[in-house]
file structure.cif (mmCIF, C-alpha atoms and all ligand atoms)
data_data
#
loop_
_atom_site.label_atom_id
_atom_site.label_comp_id
_atom_site.auth_asym_id
_atom_site.auth_seq_id
_atom_site.Cartn_x
_atom_site.Cartn_y
_atom_site.Cartn_z
CA MET V 1 58.15 34.61 -27.61
CA THR V 2 61.84 35.30 -27.44
CA ALA V 3 63.21 37.71 -30.02
CA THR V 4 66.09 35.86 -31.62
CA ALA V 5 68.04 36.36 -34.83
CA SER V 6 65.60 36.37 -37.75
CA PRO V 7 67.13 34.28 -40.51
CA ARG V 8 65.41 34.49 -43.89
CA SER V 9 63.46 31.30 -43.79
CA ASP V 10 59.79 30.45 -43.96
CA THR V 11 60.26 27.60 -41.48
CA ALA V 12 60.05 28.16 -37.74
CA LEU V 13 60.80 25.86 -34.85
CA VAL V 14 58.89 26.20 -31.59
CA LEU V 15 60.28 24.59 -28.44
CA VAL V 16 57.26 24.06 -26.18
CA ASN V 17 57.41 23.42 -22.47
CA LEU V 18 54.69 22.87 -19.89
CA GLY V 19 54.41 26.39 -18.44
CA THR V 20 55.00 28.01 -15.12
CA PRO V 21 53.73 31.00 -13.13
CA ASP V 22 54.84 34.53 -14.13
CA ALA V 23 55.73 35.33 -10.50
CA PRO V 24 56.26 33.40 -7.25
CA THR V 25 53.02 34.78 -5.81
CA PRO V 26 49.75 33.06 -4.85
CA GLY V 27 47.85 35.06 -7.51
CA ALA V 28 50.20 34.08 -10.35
CA VAL V 29 50.32 30.45 -9.19
CA ARG V 30 46.52 30.37 -9.05
CA ARG V 31 46.22 31.68 -12.63
CA TYR V 32 48.76 29.15 -13.91
CA LEU V 33 47.38 26.15 -12.01
CA GLY V 34 43.84 27.20 -12.96
CA GLU V 35 44.67 27.00 -16.67
CA PHE V 36 46.77 23.83 -16.30
CA LEU V 37 44.29 21.89 -14.21
CA HIS V 38 41.32 22.80 -16.45
CA ASP V 39 42.94 20.83 -19.29
CA HIS V 40 40.96 17.63 -19.77
CA ARG V 41 44.15 15.90 -20.92
CA VAL V 42 45.58 16.47 -17.43
CA VAL V 43 42.51 15.83 -15.25
CA GLN V 44 39.77 13.69 -16.75
CA LEU V 45 37.01 14.20 -14.13
CA THR V 46 33.70 15.60 -15.40
CA ARG V 47 33.39 19.40 -15.16
CA TRP V 48 30.51 19.46 -12.66
CA LEU V 49 32.58 17.41 -10.22
CA TRP V 50 36.04 18.85 -10.90
CA CYS V 51 35.30 22.61 -11.24
CA PRO V 52 33.87 23.11 -7.72
CA LEU V 53 36.70 21.03 -6.24
CA LEU V 54 39.31 22.97 -8.21
CA HIS V 55 37.90 26.49 -7.61
CA PHE V 56 36.84 26.09 -3.98
CA VAL V 57 39.37 23.62 -2.57
CA ILE V 58 42.49 22.96 -4.65
CA LEU V 59 43.32 26.46 -5.94
CA PRO V 60 42.62 28.27 -2.64
CA LEU V 61 44.56 25.68 -0.60
CA ARG V 62 47.43 25.02 -3.00
CA SER V 63 48.34 28.46 -4.42
CA LYS V 64 50.02 29.87 -1.33
CA PRO V 65 52.25 26.91 -0.36
CA VAL V 66 53.18 26.31 -3.99
CA ALA V 67 54.07 30.02 -4.41
CA HIS V 68 56.43 29.64 -1.43
CA LYS V 69 58.05 26.66 -3.14
CA TYR V 70 58.57 28.66 -6.34
CA ALA V 71 60.10 31.48 -4.28
CA THR V 72 62.83 29.09 -3.07
CA ILE V 73 64.00 28.34 -6.62
CA TRP V 74 63.25 31.64 -8.44
CA LEU V 75 66.27 32.81 -10.46
CA PRO V 76 67.41 36.39 -9.81
CA GLY V 77 68.38 39.13 -12.26
CA ASP V 78 67.04 40.80 -15.41
CA ASP V 79 67.03 37.48 -17.26
CA GLY V 80 65.71 35.69 -14.16
CA GLY V 81 62.36 34.13 -13.31
CA SER V 82 60.97 30.66 -12.92
CA PRO V 83 63.77 28.20 -13.83
CA LEU V 84 61.50 26.37 -16.28
CA ALA V 85 60.89 29.60 -18.21
CA VAL V 86 64.45 30.90 -17.98
CA TYR V 87 66.14 27.67 -19.11
CA THR V 88 63.59 27.09 -21.88
CA ARG V 89 64.16 30.63 -23.22
CA ARG V 90 67.94 30.20 -23.07
CA LEU V 91 67.71 26.77 -24.67
CA ALA V 92 65.74 28.26 -27.59
CA ARG V 93 68.54 30.81 -28.07
CA ALA V 94 71.16 28.07 -27.99
CA VAL V 95 69.24 25.96 -30.54
CA GLN V 96 68.83 29.09 -32.71
CA ALA V 97 72.61 29.40 -32.82
CA GLN V 98 72.80 25.78 -34.04
CA LEU V 99 70.07 26.23 -36.67
CA PRO V 100 70.55 29.68 -38.27
CA GLN V 101 68.43 28.63 -41.27
CA LEU V 102 65.30 28.49 -39.06
CA ARG V 103 63.61 30.93 -36.72
CA VAL V 104 63.65 29.31 -33.26
CA VAL V 105 61.36 30.48 -30.46
CA ASP V 106 60.06 29.17 -27.14
CA ALA V 107 56.46 28.78 -26.00
CA MET V 108 54.46 27.32 -23.13
CA ARG V 109 51.38 25.11 -23.18
CA TYR V 110 50.02 26.97 -20.13
CA GLY V 111 50.86 30.56 -19.18
CA ASN V 112 53.37 32.66 -21.12
CA PRO V 113 54.61 32.87 -23.83
CA ALA V 114 51.32 31.23 -24.85
CA LEU V 115 51.66 28.67 -27.65
CA PRO V 116 48.62 29.81 -29.74
CA ARG V 117 49.86 33.40 -29.72
CA VAL V 118 53.41 32.36 -30.59
CA ILE V 119 52.17 30.39 -33.62
CA ASP V 120 49.96 33.36 -34.70
CA GLU V 121 52.92 35.73 -34.44
CA LEU V 122 55.11 33.41 -36.48
CA ARG V 123 52.44 33.19 -39.18
CA GLU V 124 52.02 36.99 -39.23
CA ALA V 125 55.81 37.29 -39.53
CA GLY V 126 55.68 35.16 -42.69
CA ALA V 127 56.27 31.61 -41.46
CA LYS V 128 54.72 29.09 -43.85
CA ARG V 129 55.78 26.01 -41.93
CA VAL V 130 56.01 25.58 -38.15
CA LEU V 131 57.78 22.62 -36.62
CA VAL V 132 56.81 22.06 -32.98
CA LEU V 133 59.10 20.24 -30.58
CA PRO V 134 57.46 19.57 -27.19
CA LEU V 135 60.27 19.45 -24.64
CA TYR V 136 59.06 16.11 -23.31
CA PRO V 137 61.47 13.35 -24.31
CA GLN V 138 58.79 10.74 -23.48
CA TYR V 139 55.31 10.94 -25.04
CA SER V 140 52.29 11.19 -22.75
CA THR V 141 48.65 11.95 -23.49
CA THR V 142 48.78 14.39 -20.56
CA THR V 143 51.62 16.48 -22.00
CA THR V 144 52.55 15.86 -25.66
CA ALA V 145 49.00 15.19 -26.84
CA SER V 146 47.86 18.36 -25.10
CA VAL V 147 50.42 20.37 -27.08
CA GLY V 148 49.09 18.55 -30.17
CA ASP V 149 45.56 19.79 -29.36
CA VAL V 150 46.75 23.41 -29.59
CA VAL V 151 48.91 22.82 -32.67
CA GLY V 152 45.94 21.16 -34.37
CA ARG V 153 43.89 24.35 -33.94
CA ALA V 154 46.52 26.58 -35.63
CA GLY V 155 45.05 28.20 -38.74
CA ASP V 156 46.60 28.90 -42.13
CA VAL V 157 50.06 27.53 -41.51
CA ARG V 158 51.55 24.07 -42.06
CA THR V 159 52.41 22.52 -38.72
CA ARG V 160 54.27 19.39 -37.79
CA MET V 161 55.00 18.07 -34.32
CA LEU V 162 57.80 15.82 -33.16
CA GLU V 163 56.05 13.36 -30.84
CA ASP V 164 58.94 12.16 -28.71
CA TYR V 165 62.69 11.65 -28.70
CA HIS V 166 63.04 9.15 -25.86
CA LEU V 167 65.47 6.93 -27.78
CA ALA V 168 67.13 9.51 -30.04
CA PRO V 169 70.82 8.62 -29.74
CA GLU V 170 71.85 12.31 -29.70
CA TRP V 171 69.68 12.88 -26.63
CA THR V 172 70.43 9.63 -24.73
CA GLY V 173 74.12 10.26 -25.47
CA ALA V 174 73.96 13.83 -24.12
CA VAL V 175 72.24 12.67 -20.91
CA ALA V 176 74.79 9.84 -20.47
CA ASP V 177 77.67 12.30 -21.00
CA SER V 178 76.22 14.67 -18.39
CA ILE V 179 76.03 11.82 -15.85
CA ARG V 180 79.57 10.68 -16.66
CA THR V 181 80.94 14.21 -16.28
CA HIS V 182 79.08 14.79 -13.01
CA ARG V 183 80.37 11.52 -11.57
CA GLU V 184 83.93 12.25 -12.68
CA ARG V 185 83.79 15.67 -10.97
CA HIS V 186 82.00 14.67 -7.78
CA GLY V 187 82.97 11.01 -7.45
CA GLY V 188 80.55 8.26 -8.43
CA GLY V 189 77.62 7.45 -6.17
CA GLU V 190 76.88 3.86 -5.18
CA HIS V 191 73.63 3.94 -7.11
CA LEU V 192 72.08 5.95 -9.97
CA LEU V 193 68.37 6.67 -9.73
CA PHE V 194 66.41 7.81 -12.80
CA SER V 195 63.47 9.77 -11.41
CA PHE V 196 60.66 10.55 -13.90
CA HIS V 197 57.52 12.63 -13.38
CA GLY V 198 54.67 10.31 -12.43
CA LEU V 199 51.33 9.60 -14.09
CA PRO V 200 48.07 8.07 -12.85
CA GLN V 201 48.32 4.26 -13.28
CA ARG V 202 44.82 4.42 -14.84
CA LEU V 203 46.21 6.30 -17.85
CA ALA V 204 49.05 3.81 -18.31
CA ASP V 205 46.48 0.99 -18.15
CA ALA V 206 44.49 2.78 -20.85
CA GLY V 207 47.52 2.69 -23.17
CA ASP V 208 49.52 5.84 -22.48
CA PRO V 209 53.00 4.77 -23.68
CA TYR V 210 54.77 7.02 -21.15
CA PRO V 211 56.03 4.37 -18.67
CA GLN V 212 57.40 2.13 -21.44
CA GLN V 213 59.21 5.11 -22.95
CA CYS V 214 60.65 6.10 -19.54
CA GLU V 215 61.92 2.53 -19.06
CA ALA V 216 63.43 2.47 -22.56
CA SER V 217 65.14 5.86 -22.00
CA ALA V 218 66.60 4.81 -18.65
CA ARG V 219 67.86 1.50 -20.06
CA ALA V 220 69.45 3.18 -23.10
CA ILE V 221 71.23 5.74 -20.90
CA ALA V 222 72.38 3.04 -18.45
CA ASP V 223 73.66 0.95 -21.40
CA ALA V 224 75.52 3.96 -22.83
CA LEU V 225 77.22 4.31 -19.43
CA GLY V 226 77.94 0.58 -19.19
CA LEU V 227 76.17 0.37 -15.81
CA ALA V 228 75.83 -3.02 -14.18
CA ALA V 229 72.33 -4.33 -13.42
CA GLY V 230 71.45 -3.46 -9.84
CA SER V 231 73.56 -0.30 -9.81
CA TRP V 232 70.70 1.79 -11.21
CA SER V 233 66.94 1.93 -10.94
CA LEU V 234 63.92 3.93 -12.07
CA SER V 235 61.20 5.64 -10.06
CA TYR V 236 58.37 8.17 -10.41
CA GLN V 237 57.97 11.45 -8.52
CA SER V 238 55.56 14.41 -8.21
CA ARG V 239 52.38 12.49 -7.42
CA PHE V 240 49.23 14.66 -7.43
CA GLY V 241 45.90 13.62 -5.91
CA ARG V 242 44.75 10.44 -4.22
CA GLU V 243 44.53 7.83 -6.95
CA ARG V 244 47.27 5.28 -7.65
CA TRP V 245 50.18 6.65 -9.69
CA LEU V 246 53.01 4.81 -11.41
CA GLU V 247 55.30 2.94 -9.05
CA PRO V 248 57.82 2.72 -7.52
CA ALA V 249 57.67 6.24 -6.09
CA THR V 250 60.94 8.15 -5.84
CA ASP V 251 60.58 8.89 -2.09
CA ALA V 252 59.84 5.23 -1.27
CA THR V 253 62.74 4.10 -3.48
CA LEU V 254 65.16 6.39 -1.65
CA ARG V 255 63.93 5.06 1.71
CA ALA V 256 64.41 1.48 0.44
CA LEU V 257 67.96 2.29 -0.72
CA ALA V 258 68.78 3.81 2.70
CA ALA V 259 67.40 0.68 4.37
CA ARG V 260 69.82 -1.39 2.25
CA ASN V 261 72.64 0.84 3.54
CA ILE V 262 73.17 2.46 0.13
CA LYS V 263 74.17 5.92 1.23
CA ARG V 264 75.46 7.84 -1.77
CA VAL V 265 72.82 8.06 -4.48
CA ASP V 266 73.06 10.09 -7.70
CA VAL V 267 69.65 11.19 -8.96
CA ILE V 268 68.89 12.38 -12.49
CA ALA V 269 65.50 13.35 -13.91
CA PRO V 270 65.67 12.65 -17.66
CA GLY V 271 61.95 13.25 -18.22
CA PHE V 272 62.54 16.95 -17.68
CA ALA V 273 64.34 18.84 -20.43
CA VAL V 274 65.12 21.69 -18.06
CA ASP V 275 65.18 22.12 -14.31
CA CYS V 276 61.96 23.24 -12.70
CA LEU V 277 59.95 23.13 -9.50
CA GLU V 278 59.74 19.34 -9.60
CA THR V 279 63.49 18.80 -9.89
CA LEU V 280 64.95 21.73 -7.96
CA GLU V 281 62.51 21.95 -5.08
CA GLU V 282 61.11 18.42 -4.83
CA VAL V 283 64.24 16.39 -5.59
CA SER V 284 67.31 18.49 -5.00
CA LEU V 285 65.94 20.23 -1.88
CA MET V 286 63.15 18.21 -0.21
CA LEU V 287 64.06 14.63 -1.11
CA ALA V 288 67.76 15.37 -0.52
CA GLU V 289 66.87 16.66 2.94
CA GLU V 290 64.75 13.60 3.73
CA PHE V 291 67.50 11.26 2.49
CA ALA V 292 70.04 13.10 4.67
CA THR V 293 67.90 12.40 7.75
CA LEU V 294 68.28 8.71 6.87
CA GLY V 295 72.05 9.14 6.84
CA GLY V 296 72.35 9.30 3.05
CA GLU V 297 73.68 11.79 0.53
CA LEU V 298 71.53 12.54 -2.52
CA ARG V 299 73.59 14.09 -5.30
CA TYR V 300 71.29 15.69 -7.83
CA ILE V 301 72.53 15.77 -11.44
CA PRO V 302 71.01 18.81 -13.21
CA CYS V 303 68.92 18.57 -16.35
CA LEU V 304 70.58 19.32 -19.68
CA ASN V 305 69.06 22.83 -19.50
CA ASP V 306 70.61 25.33 -21.95
CA SER V 307 73.91 23.45 -22.30
CA ALA V 308 75.62 23.34 -25.70
CA ALA V 309 75.29 19.54 -25.64
CA HIS V 310 71.50 19.81 -25.23
CA ALA V 311 71.15 22.42 -27.97
CA GLU V 312 73.29 20.32 -30.33
CA ALA V 313 71.29 17.16 -29.60
CA LEU V 314 67.94 18.87 -30.23
CA ALA V 315 69.25 20.58 -33.37
CA ARG V 316 70.38 17.21 -34.80
CA ILE V 317 66.98 15.68 -33.99
CA VAL V 318 65.19 18.57 -35.72
CA GLN V 319 67.48 18.39 -38.77
CA ARG V 320 66.73 14.69 -39.14
CA GLU V 321 63.00 15.40 -38.96
CA LEU V 322 63.25 18.18 -41.56
CA LEU V 323 65.20 15.93 -43.92
CA ALA V 324 62.53 13.25 -43.50
CA VAL V 325 59.67 15.61 -44.51
CA ASP V 326 61.41 17.61 -47.28
C1 LIG V 401 46.96 15.24 -12.72
C2 LIG V 401 47.98 15.96 -12.54
C3 LIG V 401 49.26 15.93 -13.30
C4 LIG V 401 49.72 15.12 -14.32
C5 LIG V 401 49.00 13.98 -15.00
C6 LIG V 401 51.03 15.57 -14.68
C7 LIG V 401 51.84 15.02 -15.69
C8 LIG V 401 53.09 15.51 -16.07
N1 LIG V 401 53.71 16.69 -15.68
C9 LIG V 401 54.93 16.81 -16.26
C10 LIG V 401 55.87 17.85 -16.10
C11 LIG V 401 55.77 18.88 -15.16
N2 LIG V 401 54.81 19.02 -14.19
C12 LIG V 401 55.07 20.14 -13.44
C13 LIG V 401 54.32 20.63 -12.40
C14 LIG V 401 53.08 20.15 -12.00
N3 LIG V 401 52.46 18.97 -12.39
C15 LIG V 401 51.21 18.88 -11.80
C16 LIG V 401 50.26 17.87 -12.00
C17 LIG V 401 50.32 16.87 -12.99
N4 LIG V 401 51.35 16.61 -13.86
C18 LIG V 401 51.06 20.03 -10.97
C19 LIG V 401 49.82 20.33 -10.14
C20 LIG V 401 52.21 20.82 -11.10
C21 LIG V 401 52.45 22.20 -10.48
C22 LIG V 401 53.16 22.20 -9.22
C23 LIG V 401 52.28 21.77 -8.08
O1 LIG V 401 51.23 22.36 -7.86
O2 LIG V 401 52.67 20.79 -7.43
C24 LIG V 401 56.29 20.75 -13.94
C25 LIG V 401 57.01 21.94 -13.35
C26 LIG V 401 56.44 23.31 -13.68
C27 LIG V 401 57.25 24.45 -13.13
O3 LIG V 401 56.72 25.55 -13.08
O4 LIG V 401 58.40 24.32 -12.73
C28 LIG V 401 56.70 19.97 -15.01
C29 LIG V 401 57.89 20.23 -15.91
C30 LIG V 401 55.12 15.66 -17.08
C31 LIG V 401 56.36 15.38 -17.90
C32 LIG V 401 53.98 14.86 -16.97
C33 LIG V 401 53.64 13.59 -17.64
C34 LIG V 401 54.12 12.47 -17.46
FE FE V 402 36.26 25.70 -13.79
FE FE V 403 53.24 17.63 -13.77
#
call {"tool": "encode", "arguments": {"input": "structure.cif", "output": "structure tokens", "more": "lines below"}}
Ligand SMILES: C=CC1=C(C)c2cc3[nH]c(cc4nc(cc5[nH]c(cc1n2)c(C)c5CCC(=O)O)C(CCC(=O)O)=C4C)c(C)c3C=C
Ligand SMILES: [Fe+2]
Ligand SMILES: [Fe+2]
result
Amino acid sequence: MTATASPRSDTALVLVNLGTPDAPTPGAVRRYLGEFLHDHRVVQLTRWLWCPLLHFVILPLRSKPVAHKYATIWLPGDDGGSPLAVYTRRLARAVQAQLPQLRVVDAMRYGNPALPRVIDELREAGAKRVLVLPLYPQYSTTTTASVGDVVGRAGDVRTRMLEDYHLAPEWTGAVADSIRTHRERHGGGEHLLFSFHGLPQRLADAGDPYPQQCEASARAIADALGLAAGSWSLSYQSRFGRERWLEPATDATLRALAARNIKRVDVIAPGFAVDCLETLEEVSLMLAEEFATLGGELRYIPCLNDSAAHAEALARIVQRELLAVD
């Protein structure tokens, strides 16, 4: 939990993100992935099948290469670390500055600062009401509902969770502004690709609203920018495992754009509140490299991160929620 200004209020706001390893080492990655991939919201296989596979195959094989990937994006300095943790912490500070009447802290669903401990500490410090904002603009059973599981177990404190903000005009407006500014500075690409984290198709078929919310977010942002149909598209990245995930995949979409001779593509990842392994390593390094081999130029537009525009947008969303419950 980040120590921020402590305004005299019995209401706290917790910004919750997914989680990330404490260090770019195989041991730390193994601990983080072990906790993450034991969550039944994330992987639904029965324990007797999944645990041996996870402990004896996936964690031993994956921890080292994934640690190397984290090492390529690790932020230096005293306030450094995994980008997901660093930007989430800084974002909480920036939102605190916007909402001095609340105590604003950051927490992680997996790893540190651990959400259950953060809520306990807030309660011990006198919080009577805790508002939880998962930093997932689009709701998914695999992410938002998993945060809800932890919040639901919090004892002796009133909790409330904001489920999604995929169409909140403050947020869609902030993302649209960031795209506009990036294109003004760097020249507009021929195409804008909205790349969202993927999900097993099976979960979407079972009613997870995530893909519909991703589509609605992308359309709202494209409309705010006045983009013509055909000049933007949506795709899904970060596939894990062998089953079918949401399509089209980001890598296949980029290859299809290159085949149509569309060479300058701007890519934004509006499902991620802050930059992380999946945006910095997968998109802005690996996919950009692959697209370059096809003769193209992938121009990655960063997440809103700890920008003032992001903090203002989230603060307005929270204020609206507080007004609605008071
Ligand atoms: C079954 C596996 C996974 C599902 C379902 C899933 C959904 C999902 N994830 C995010 C956001 C993030 N995921 C991140 C990393 C990550 N995701 C998975 C697997 C699933 N995600 C793994 C195994 C990993 C770790 C990296 C790896 O081993 O490849 C991250 C980045 C974390 C970081 O430290 O930077 C984010 C953020 C969403 C929004 C989502 C649901 C749609
Ligand atoms: Fe296990
Ligand atoms: Fe993920």
call {"tool": "residues_near_ligand", "arguments": {"input": "structure.cif", "ligand": "ligand FE 403 (chain V)", "cutoff": "12 Å", "atoms": "all atoms listed in the file", "output": "PyMOL selection string"}}
result
chain V and resi 17-20+33+36-37+41-43+110+136+140+142-143+196-200+236-241+271-272+276-279+282
call {"tool": "closest_residue", "arguments": {"input": "structure.cif", "among": "V:Arg117, V:Arg31, V:Arg185, V:His166", "to": "Arg153 in chain V", "atoms": "all atoms listed in the file"}}
result
V:Arg117
call {"tool": "residues_around", "arguments": {"input": "structure.cif", "residues": "Ser235 in chain V", "least_positions_apart": "3", "cutoff": "6 Å", "atoms": "only C-alpha atoms", "output": "PyMOL selection string"}}
result
chain V and resi 195+248-250
call {"tool": "residues_near_ligand", "arguments": {"input": "structure.cif", "ligand": "ligand FE 402 (chain V)", "cutoff": "10 Å", "atoms": "all atoms listed in the file", "output": "number ranges by chain"}}
result
V: 34-35, 37-39, 47-56
call {"tool": "closest_residue", "arguments": {"input": "structure.cif", "among": "V:Leu298, V:Ala107, V:Ala168, V:Leu225", "to": "Arg90 in chain V", "atoms": "only C-alpha atoms"}}
result
V:Ala107
call {"tool": "atom_distance", "arguments": {"input": "structure.cif", "atom1": "CA of Asp223 in chain V", "atom2": "CA of Val132 in chain V"}}
result
29.4 Å
call {"tool": "closest_residue", "arguments": {"input": "structure.cif", "among": "V:Gly77, V:Pro169, V:Pro211, V:Gly189", "to": "ligand LIG 401 (chain V)", "atoms": "only C-alpha atoms and all ligand atoms"}}
result
V:Pro211
call {"tool": "closest_residue", "arguments": {"input": "structure.cif", "among": "V:Tyr165, V:Tyr210, V:Tyr70, V:Tyr300", "to": "Asp22 in chain V", "atoms": "all atoms listed in the file"}}
result
V:Tyr70
call {"tool": "closest_residue", "arguments": {"input": "structure.cif", "among": "V:Ala125, V:Val318, V:Val283, V:Ala204", "to": "Val14 in chain V", "atoms": "all atoms listed in the file"}}
result
V:Val318
call {"tool": "atom_distance", "arguments": {"input": "structure.cif", "atom1": "CA of Trp171 in chain V", "atom2": "CA of Ser217 in chain V"}}
result
9.6 Å
call {"tool": "closest_residue", "arguments": {"input": "structure.cif", "among": "V:Leu304, V:Met161, V:Ala269, V:Ala206", "to": "ligand LIG 401 (chain V)", "atoms": "only C-alpha atoms and all ligand atoms"}}
result
V:Ala269
